[in-house]
$ cat entry.cif   # mmCIF, C-alpha atoms, pLDDT in the B column; chains and numbers go by the auth columns
data_data
loop_
_atom_site.group_PDB
_atom_site.id
_atom_site.type_symbol
_atom_site.label_atom_id
_atom_site.label_comp_id
_atom_site.label_asym_id
_atom_site.label_seq_id
_atom_site.Cartn_x
_atom_site.Cartn_y
_atom_site.Cartn_z
_atom_site.B_iso_or_equiv
_atom_site.auth_seq_id
_atom_site.auth_asym_id
ATOM 1 C CA MET A 1 86.672 138.257 123.868 60.00 1 A
ATOM 2 C CA GLU A 2 89.255 136.727 126.212 81.00 2 A
ATOM 3 C CA HIS A 3 87.689 133.264 125.740 76.00 3 A
ATOM 4 C CA LYS A 4 88.042 133.589 121.983 82.00 4 A
ATOM 5 C CA LYS A 5 91.742 134.522 122.285 88.00 5 A
ATOM 6 C CA LEU A 6 92.364 131.685 124.733 88.00 6 A
ATOM 7 C CA ARG A 7 90.512 129.228 122.492 87.00 7 A
ATOM 8 C CA SER A 8 92.605 130.310 119.484 89.00 8 A
ATOM 9 C CA LEU A 9 95.829 129.983 121.429 92.00 9 A
ATOM 10 C CA ILE A 10 94.926 126.512 122.717 91.00 10 A
ATOM 11 C CA PHE A 11 93.833 125.367 119.271 91.00 11 A
ATOM 12 C CA ALA A 12 97.071 126.736 117.767 95.00 12 A
ATOM 13 C CA ALA A 13 99.113 124.791 120.321 96.00 13 A
ATOM 14 C CA LEU A 14 97.133 121.622 119.569 95.00 14 A
ATOM 15 C CA LEU A 15 97.615 122.046 115.816 95.00 15 A
ATOM 16 C CA ALA A 16 101.343 122.685 116.294 97.00 16 A
ATOM 17 C CA ALA A 17 101.585 119.463 118.319 97.00 17 A
ATOM 18 C CA LEU A 18 99.566 117.535 115.719 95.00 18 A
ATOM 19 C CA THR A 19 101.841 118.896 112.990 96.00 19 A
ATOM 20 C CA THR A 20 104.888 117.649 114.882 97.00 20 A
ATOM 21 C CA VAL A 21 103.376 114.203 115.388 96.00 21 A
ATOM 22 C CA ALA A 22 102.085 113.901 111.808 94.00 22 A
ATOM 23 C CA THR A 23 105.546 114.804 110.525 94.00 23 A
ATOM 24 C CA MET A 24 107.347 112.324 112.759 94.00 24 A
ATOM 25 C CA VAL A 25 105.077 109.287 112.927 92.00 25 A
ATOM 26 C CA ILE A 26 104.902 108.158 109.307 84.00 26 A
ATOM 27 C CA ARG A 27 108.143 108.816 107.440 84.00 27 A
ATOM 28 C CA ILE A 28 108.729 107.513 103.956 84.00 28 A
ATOM 29 C CA PRO A 29 112.475 107.884 103.272 84.00 29 A
ATOM 30 C CA THR A 30 113.590 109.349 99.956 78.00 30 A
ATOM 31 C CA PRO A 31 116.885 108.720 98.110 80.00 31 A
ATOM 32 C CA THR A 32 117.869 112.331 98.844 73.00 32 A
ATOM 33 C CA LEU A 33 118.074 111.559 102.600 72.00 33 A
ATOM 34 C CA GLY A 34 114.821 113.386 103.315 74.00 34 A
ATOM 35 C CA TYR A 35 111.425 111.882 103.916 78.00 35 A
ATOM 36 C CA ILE A 36 107.826 112.246 102.814 80.00 36 A
ATOM 37 C CA HIS A 37 105.345 112.696 105.667 87.00 37 A
ATOM 38 C CA LEU A 38 101.778 113.713 106.469 89.00 38 A
ATOM 39 C CA GLY A 39 102.746 116.916 108.262 93.00 39 A
ATOM 40 C CA ASP A 40 102.181 119.134 105.219 92.00 40 A
ATOM 41 C CA GLY A 41 98.456 118.416 105.461 94.00 41 A
ATOM 42 C CA LEU A 42 98.493 119.860 108.962 96.00 42 A
ATOM 43 C CA VAL A 43 100.615 122.808 107.830 97.00 43 A
ATOM 44 C CA LEU A 44 97.870 123.801 105.372 96.00 44 A
ATOM 45 C CA ALA A 45 95.168 123.117 107.964 95.00 45 A
ATOM 46 C CA CYS A 46 96.940 125.469 110.391 96.00 46 A
ATOM 47 C CA GLY A 47 96.770 128.315 107.877 96.00 47 A
ATOM 48 C CA ILE A 48 93.147 127.598 107.009 95.00 48 A
ATOM 49 C CA LEU A 49 91.748 127.015 110.505 94.00 49 A
ATOM 50 C CA LEU A 50 93.752 129.620 112.419 94.00 50 A
ATOM 51 C CA GLY A 51 94.120 132.204 109.677 94.00 51 A
ATOM 52 C CA PRO A 52 97.336 133.115 107.919 94.00 52 A
ATOM 53 C CA GLY A 53 99.114 134.794 110.869 95.00 53 A
ATOM 54 C CA LEU A 54 98.552 132.461 113.812 97.00 54 A
ATOM 55 C CA GLY A 55 98.389 129.506 111.434 97.00 55 A
ATOM 56 C CA ALA A 56 101.852 130.333 110.083 98.00 56 A
ATOM 57 C CA LEU A 57 103.250 130.437 113.601 98.00 57 A
ATOM 58 C CA ALA A 58 101.649 127.102 114.602 98.00 58 A
ATOM 59 C CA ALA A 59 102.740 125.389 111.374 98.00 59 A
ATOM 60 C CA GLY A 60 106.285 126.726 111.604 98.00 60 A
ATOM 61 C CA ILE A 61 106.687 125.723 115.244 98.00 61 A
ATOM 62 C CA GLY A 62 105.152 122.272 114.760 98.00 62 A
ATOM 63 C CA SER A 63 107.277 121.478 111.712 97.00 63 A
ATOM 64 C CA MET A 64 110.410 122.909 113.275 98.00 64 A
ATOM 65 C CA LEU A 65 109.932 120.767 116.387 98.00 65 A
ATOM 66 C CA ALA A 66 109.713 117.649 114.218 96.00 66 A
ATOM 67 C CA ASP A 67 113.115 118.480 112.721 94.00 67 A
ATOM 68 C CA LEU A 68 114.516 119.335 116.149 96.00 68 A
ATOM 69 C CA PHE A 69 113.280 116.099 117.746 96.00 69 A
ATOM 70 C CA GLY A 70 114.265 114.080 114.674 92.00 70 A
ATOM 71 C CA GLY A 71 117.876 115.267 114.754 92.00 71 A
ATOM 72 C CA TYR A 72 117.735 117.387 111.592 91.00 72 A
ATOM 73 C CA MET A 73 119.353 120.389 113.273 95.00 73 A
ATOM 74 C CA ALA A 74 120.579 122.078 110.084 95.00 74 A
ATOM 75 C CA TRP A 75 117.002 122.171 108.801 94.00 75 A
ATOM 76 C CA VAL A 76 115.359 123.717 111.898 97.00 76 A
ATOM 77 C CA PRO A 77 115.526 127.413 110.879 97.00 77 A
ATOM 78 C CA GLY A 78 114.698 126.709 107.241 97.00 78 A
ATOM 79 C CA THR A 79 111.783 124.449 108.118 97.00 79 A
ATOM 80 C CA PHE A 80 110.342 127.025 110.506 98.00 80 A
ATOM 81 C CA ALA A 81 110.416 129.755 107.848 98.00 81 A
ATOM 82 C CA ILE A 82 109.343 127.580 104.902 98.00 82 A
ATOM 83 C CA LYS A 83 106.428 125.855 106.641 98.00 83 A
ATOM 84 C CA ALA A 84 105.265 129.134 108.199 98.00 84 A
ATOM 85 C CA LEU A 85 105.277 130.761 104.769 98.00 85 A
ATOM 86 C CA THR A 86 103.450 127.749 103.303 98.00 86 A
ATOM 87 C CA ALA A 87 100.688 128.044 105.920 98.00 87 A
ATOM 88 C CA LEU A 88 100.544 131.817 105.473 98.00 88 A
ATOM 89 C CA VAL A 89 100.072 131.549 101.695 97.00 89 A
ATOM 90 C CA GLY A 90 97.614 128.648 101.975 97.00 90 A
ATOM 91 C CA GLY A 91 95.560 130.312 104.714 96.00 91 A
ATOM 92 C CA TRP A 92 95.502 133.682 102.979 96.00 92 A
ATOM 93 C CA LEU A 93 94.371 132.172 99.680 95.00 93 A
ATOM 94 C CA TYR A 94 91.769 129.925 101.329 93.00 94 A
ATOM 95 C CA HIS A 95 90.172 132.851 103.131 89.00 95 A
ATOM 96 C CA ARG A 96 90.101 134.853 99.898 88.00 96 A
ATOM 97 C CA LEU A 97 88.308 131.948 98.200 83.00 97 A
ATOM 98 C CA THR A 98 85.511 131.760 100.790 76.00 98 A
ATOM 99 C CA LYS A 99 83.548 134.320 98.790 74.00 99 A
ATOM 100 C CA HIS A 100 83.190 131.625 96.114 67.00 100 A
ATOM 101 C CA GLU A 101 80.591 129.644 98.046 70.00 101 A
ATOM 102 C CA HIS A 102 79.796 127.478 95.035 74.00 102 A
ATOM 103 C CA TRP A 103 83.249 125.875 95.382 74.00 103 A
ATOM 104 C CA ASN A 104 83.292 122.985 97.822 82.00 104 A
ATOM 105 C CA THR A 105 85.939 122.607 100.516 80.00 105 A
ATOM 106 C CA PRO A 106 88.186 120.124 98.652 84.00 106 A
ATOM 107 C CA MET A 107 88.198 122.444 95.627 88.00 107 A
ATOM 108 C CA ARG A 108 89.212 125.410 97.790 89.00 108 A
ATOM 109 C CA VAL A 109 91.877 123.324 99.553 91.00 109 A
ATOM 110 C CA ALA A 110 93.340 122.348 96.173 91.00 110 A
ATOM 111 C CA LEU A 111 93.223 125.911 94.850 92.00 111 A
ATOM 112 C CA CYS A 112 95.004 127.296 97.909 94.00 112 A
ATOM 113 C CA GLY A 113 97.143 124.254 98.670 95.00 113 A
ATOM 114 C CA ILE A 114 98.870 123.905 95.318 96.00 114 A
ATOM 115 C CA PRO A 115 100.350 127.441 95.314 97.00 115 A
ATOM 116 C CA ALA A 116 101.230 127.071 99.004 97.00 116 A
ATOM 117 C CA GLU A 117 103.048 123.809 98.331 96.00 117 A
ATOM 118 C CA ILE A 118 104.881 125.409 95.415 97.00 118 A
ATOM 119 C CA VAL A 119 106.202 127.861 98.017 97.00 119 A
ATOM 120 C CA MET A 120 107.352 124.868 100.088 97.00 120 A
ATOM 121 C CA VAL A 121 109.116 123.199 97.142 97.00 121 A
ATOM 122 C CA ALA A 122 110.813 126.451 96.092 97.00 122 A
ATOM 123 C CA GLY A 123 111.701 127.275 99.694 97.00 123 A
ATOM 124 C CA TYR A 124 113.452 123.972 100.303 96.00 124 A
ATOM 125 C CA PHE A 125 115.216 124.200 96.946 97.00 125 A
ATOM 126 C CA LEU A 126 116.623 127.622 97.816 97.00 126 A
ATOM 127 C CA TYR A 127 117.477 126.602 101.391 97.00 127 A
ATOM 128 C CA GLU A 128 119.305 123.475 100.234 95.00 128 A
ATOM 129 C CA VAL A 129 121.211 125.380 97.547 97.00 129 A
ATOM 130 C CA GLY A 130 122.223 127.876 100.235 96.00 130 A
ATOM 131 C CA MET A 131 123.387 125.090 102.545 96.00 131 A
ATOM 132 C CA GLU A 132 125.443 123.477 99.770 95.00 132 A
ATOM 133 C CA THR A 133 126.951 126.831 98.813 96.00 133 A
ATOM 134 C CA VAL A 134 127.934 127.538 102.421 95.00 134 A
ATOM 135 C CA ALA A 135 129.536 124.074 102.500 94.00 135 A
ATOM 136 C CA GLY A 136 131.768 125.087 99.574 94.00 136 A
ATOM 137 C CA SER A 137 129.905 124.157 96.388 93.00 137 A
ATOM 138 C CA THR A 138 129.384 126.572 93.559 95.00 138 A
ATOM 139 C CA VAL A 139 125.819 127.774 93.091 95.00 139 A
ATOM 140 C CA GLY A 140 125.479 125.880 89.797 94.00 140 A
ATOM 141 C CA ALA A 141 126.754 122.607 91.246 95.00 141 A
ATOM 142 C CA ALA A 142 124.593 123.039 94.328 94.00 142 A
ATOM 143 C CA ALA A 143 121.472 123.728 92.254 95.00 143 A
ATOM 144 C CA ALA A 144 122.140 120.680 90.076 94.00 144 A
ATOM 145 C CA ALA A 145 122.620 118.446 93.123 91.00 145 A
ATOM 146 C CA VAL A 146 119.555 119.768 94.941 92.00 146 A
ATOM 147 C CA LEU A 147 117.329 119.441 91.876 94.00 147 A
ATOM 148 C CA ALA A 148 117.072 115.695 92.550 89.00 148 A
ATOM 149 C CA GLY A 149 114.995 116.374 95.669 89.00 149 A
ATOM 150 C CA VAL A 150 112.392 118.563 93.944 94.00 150 A
ATOM 151 C CA PRO A 151 110.170 115.696 92.692 92.00 151 A
ATOM 152 C CA PHE A 152 110.061 114.194 96.194 90.00 152 A
ATOM 153 C CA ASN A 153 109.090 117.554 97.682 91.00 153 A
ATOM 154 C CA MET A 154 106.389 117.846 95.022 93.00 154 A
ATOM 155 C CA VAL A 155 104.975 114.445 96.025 90.00 155 A
ATOM 156 C CA GLN A 156 105.098 115.525 99.675 89.00 156 A
ATOM 157 C CA GLY A 157 103.238 118.726 98.802 92.00 157 A
ATOM 158 C CA LEU A 158 100.563 116.891 96.828 93.00 158 A
ATOM 159 C CA ALA A 159 100.108 114.466 99.725 90.00 159 A
ATOM 160 C CA GLY A 160 99.732 117.486 102.012 92.00 160 A
ATOM 161 C CA VAL A 161 96.931 118.923 99.888 95.00 161 A
ATOM 162 C CA ILE A 162 95.100 115.584 99.910 93.00 162 A
ATOM 163 C CA VAL A 163 95.585 115.044 103.649 92.00 163 A
ATOM 164 C CA CYS A 164 94.343 118.573 104.364 94.00 164 A
ATOM 165 C CA ALA A 165 91.242 118.093 102.199 93.00 165 A
ATOM 166 C CA VAL A 166 90.428 114.903 104.133 92.00 166 A
ATOM 167 C CA LEU A 167 91.212 116.210 107.638 90.00 167 A
ATOM 168 C CA LEU A 168 89.848 119.740 107.346 89.00 168 A
ATOM 169 C CA PRO A 169 86.185 118.865 108.014 87.00 169 A
ATOM 170 C CA VAL A 170 87.171 116.829 111.097 87.00 170 A
ATOM 171 C CA LEU A 171 89.514 119.490 112.481 84.00 171 A
ATOM 172 C CA SER A 172 86.997 122.229 111.725 80.00 172 A
ATOM 173 C CA HIS A 173 84.348 120.328 113.666 71.00 173 A
ATOM 174 C CA ALA A 174 86.789 119.812 116.567 67.00 174 A
ATOM 175 C CA SER A 175 87.523 123.535 116.617 66.00 175 A
ATOM 176 C CA THR A 176 83.807 124.347 116.780 65.00 176 A
ATOM 177 C CA GLU A 177 83.233 121.799 119.563 63.00 177 A
ATOM 178 C CA MET A 178 86.128 123.227 121.538 60.00 178 A
ATOM 179 C CA GLY A 179 84.711 126.731 121.232 57.00 179 A
ATOM 180 C CA GLU A 180 81.294 125.602 122.449 56.00 180 A
ATOM 181 C CA ARG A 181 82.755 123.832 125.481 55.00 181 A
ATOM 182 C CA MET A 182 84.789 126.871 126.474 50.00 182 A
ATOM 183 C CA ARG A 183 81.656 129.044 126.495 49.00 183 A
ATOM 184 C CA VAL A 184 80.121 126.883 129.240 43.00 184 A
#
$ encode --input "entry.cif" --output "structure tokens"
Amino acid sequence: MEHKKLRSLIFAALLAALTTVATMVIRIPTPTLGYIHLGDGLVLACGILLGPGLGALAAGIGSMLADLFGGYMAWVPGTFAIKALTALVGGWLYHRLTKHEHWNTPMRVALCGIPAEIVMVAGYFLYEVGMETVAGSTVGAAAAAVLAGVPFNMVQGLAGVIVCAVLLPVLSHASTEMGERMRV
């Protein structure tokens, strides 16, 4: 039992690190001063491979570290909460869909990833409106200004679903290999 806990903890740390790197390495700047990245694919993979609880923690920490290292200090707490919630929703839904064995993995990733990414888009919208309101804008003006970033977050979320569908078999295999090596 201790090996299984240790294996899960090590794999969670590895996925958190991969999430950080995937978020930071390829950045496509957007006109709203944000960027589109591959990290959302790893956020979903965290929830799926580690389960909703530990996966949420790994995804939140990995994404938060990318903002911290990238100098986006104001986004650190929001990113932690939003990405953790995204992984939680995606992981929870994915594990509920496993009873539908006739659905292949990409289908399940899409069915769990789209609602999870909607959480991400809504989360950043609300966080940004809150930041603008704290800075002195009215809620209406803040919402109107922040609305411009929603399409870019939607593209980022869709990219995350696709990246997760592609990487999930590889990461799943790596997780299995790691577990077998730790038993030796």
$ resolve_selection --input "entry.cif" --expression "the PyMOL selection byres ((chain A and resi 120) around 9)" --output "number ranges by chain"
A: 82-83, 85-86, 115-119, 121-125, 153-154, 157
$ resolve_selection --input "entry.cif" --expression "the PyMOL selection byres ((chain A and resi 54-58) around 9)" --output "number ranges by chain"
A: 8-9, 12-17, 19, 43-53, 59-63, 80-81, 83-89, 91
$ atom_distance --input "entry.cif" --atom1 "CA of Thr133 in chain A" --atom2 "CA of Thr30 in chain A"
22.0 Å
$ residues_around --input "entry.cif" --residues "Gly70 in chain A" --least-positions-apart "6" --cutoff "12 Å" --atoms "only C-alpha atoms" --output "list in words"
Thr20, Val21, Thr23, Met24, Val25, Arg27, Gly34, Tyr35, Ser63, Met64 and Val76 of chain A
$ atom_distance --input "entry.cif" --atom1 "CA of Glu101 in chain A" --atom2 "CA of Pro169 in chain A"
15.7 Å
$ decode --input "entry.cif" --residues "range 144-164 of chain A" --atoms "N, CA and C atoms" --output "PDB file, in the first residue's frame"
ATOM      1  N   ALA A 144     -17.495  43.923 -19.754  1.00  0.00           N
ATOM      2  CA  ALA A 144     -17.385  44.249 -21.179  1.00  0.00           C
ATOM      3  C   ALA A 144     -15.936  44.188 -21.643  1.00  0.00           C
ATOM      4  N   ALA A 145     -15.019  44.683 -20.826  1.00  0.00           N
ATOM      5  CA  ALA A 145     -13.601  44.678 -21.188  1.00  0.00           C
ATOM      6  C   ALA A 145     -13.039  43.258 -21.207  1.00  0.00           C
ATOM      7  N   VAL A 146     -13.430  42.461 -20.244  1.00  0.00           N
ATOM      8  CA  VAL A 146     -12.900  41.105 -20.099  1.00  0.00           C
ATOM      9  C   VAL A 146     -13.469  40.155 -21.147  1.00  0.00           C
ATOM     10  N   LEU A 147     -14.634  40.472 -21.655  1.00  0.00           N
ATOM     11  CA  LEU A 147     -15.296  39.626 -22.654  1.00  0.00           C
ATOM     12  C   LEU A 147     -14.411  39.373 -23.874  1.00  0.00           C
ATOM     13  N   ALA A 148     -13.529  40.301 -24.182  1.00  0.00           N
ATOM     14  CA  ALA A 148     -12.640  40.150 -25.343  1.00  0.00           C
ATOM     15  C   ALA A 148     -11.708  38.945 -25.203  1.00  0.00           C
ATOM     16  N   GLY A 149     -11.393  38.559 -23.982  1.00  0.00           N
ATOM     17  CA  GLY A 149     -10.482  37.432 -23.774  1.00  0.00           C
ATOM     18  C   GLY A 149     -11.149  36.074 -23.825  1.00  0.00           C
ATOM     19  N   VAL A 150     -12.467  36.030 -23.774  1.00  0.00           N
ATOM     20  CA  VAL A 150     -13.189  34.747 -23.740  1.00  0.00           C
ATOM     21  C   VAL A 150     -12.908  33.887 -24.968  1.00  0.00           C
ATOM     22  N   PRO A 151     -12.945  34.413 -26.193  1.00  0.00           N
ATOM     23  CA  PRO A 151     -12.659  33.543 -27.344  1.00  0.00           C
ATOM     24  C   PRO A 151     -11.260  32.923 -27.297  1.00  0.00           C
ATOM     25  N   PHE A 152     -10.277  33.681 -26.798  1.00  0.00           N
ATOM     26  CA  PHE A 152      -8.920  33.151 -26.709  1.00  0.00           C
ATOM     27  C   PHE A 152      -8.841  32.042 -25.663  1.00  0.00           C
ATOM     28  N   ASN A 153      -9.549  32.215 -24.557  1.00  0.00           N
ATOM     29  CA  ASN A 153      -9.596  31.148 -23.549  1.00  0.00           C
ATOM     30  C   ASN A 153     -10.319  29.914 -24.085  1.00  0.00           C
ATOM     31  N   MET A 154     -11.312  30.125 -24.933  1.00  0.00           N
ATOM     32  CA  MET A 154     -12.013  28.995 -25.543  1.00  0.00           C
ATOM     33  C   MET A 154     -11.081  28.213 -26.481  1.00  0.00           C
ATOM     34  N   VAL A 155     -10.276  28.930 -27.254  1.00  0.00           N
ATOM     35  CA  VAL A 155      -9.302  28.273 -28.131  1.00  0.00           C
ATOM     36  C   VAL A 155      -8.286  27.507 -27.285  1.00  0.00           C
ATOM     37  N   GLN A 156      -7.828  28.119 -26.210  1.00  0.00           N
ATOM     38  CA  GLN A 156      -6.886  27.459 -25.301  1.00  0.00           C
ATOM     39  C   GLN A 156      -7.503  26.188 -24.730  1.00  0.00           C
ATOM     40  N   GLY A 157      -8.762  26.249 -24.334  1.00  0.00           N
ATOM     41  CA  GLY A 157      -9.443  25.083 -23.788  1.00  0.00           C
ATOM     42  C   GLY A 157      -9.594  23.978 -24.813  1.00  0.00           C
ATOM     43  N   LEU A 158      -9.967  24.329 -26.027  1.00  0.00           N
ATOM     44  CA  LEU A 158     -10.098  23.335 -27.095  1.00  0.00           C
ATOM     45  C   LEU A 158      -8.749  22.686 -27.392  1.00  0.00           C
ATOM     46  N   ALA A 159      -7.695  23.493 -27.424  1.00  0.00           N
ATOM     47  CA  ALA A 159      -6.349  22.945 -27.616  1.00  0.00           C
ATOM     48  C   ALA A 159      -6.001  21.984 -26.477  1.00  0.00           C
ATOM     49  N   GLY A 160      -6.415  22.316 -25.265  1.00  0.00           N
ATOM     50  CA  GLY A 160      -6.160  21.443 -24.123  1.00  0.00           C
ATOM     51  C   GLY A 160      -6.834  20.091 -24.262  1.00  0.00           C
ATOM     52  N   VAL A 161      -8.058  20.081 -24.749  1.00  0.00           N
ATOM     53  CA  VAL A 161      -8.779  18.822 -24.955  1.00  0.00           C
ATOM     54  C   VAL A 161      -8.054  17.976 -25.996  1.00  0.00           C
ATOM     55  N   ILE A 162      -7.622  18.601 -27.081  1.00  0.00           N
ATOM     56  CA  ILE A 162      -6.922  17.870 -28.140  1.00  0.00           C
ATOM     57  C   ILE A 162      -5.581  17.344 -27.645  1.00  0.00           C
ATOM     58  N   VAL A 163      -4.820  18.184 -26.961  1.00  0.00           N
ATOM     59  CA  VAL A 163      -3.516  17.771 -26.438  1.00  0.00           C
ATOM     60  C   VAL A 163      -3.686  16.612 -25.455  1.00  0.00           C
ATOM     61  N   CYS A 164      -4.685  16.687 -24.605  1.00  0.00           N
ATOM     62  CA  CYS A 164      -4.931  15.612 -23.636  1.00  0.00           C
ATOM     63  C   CYS A 164      -5.280  14.312 -24.354  1.00  0.00           C
TER      64      CYS A 164
END
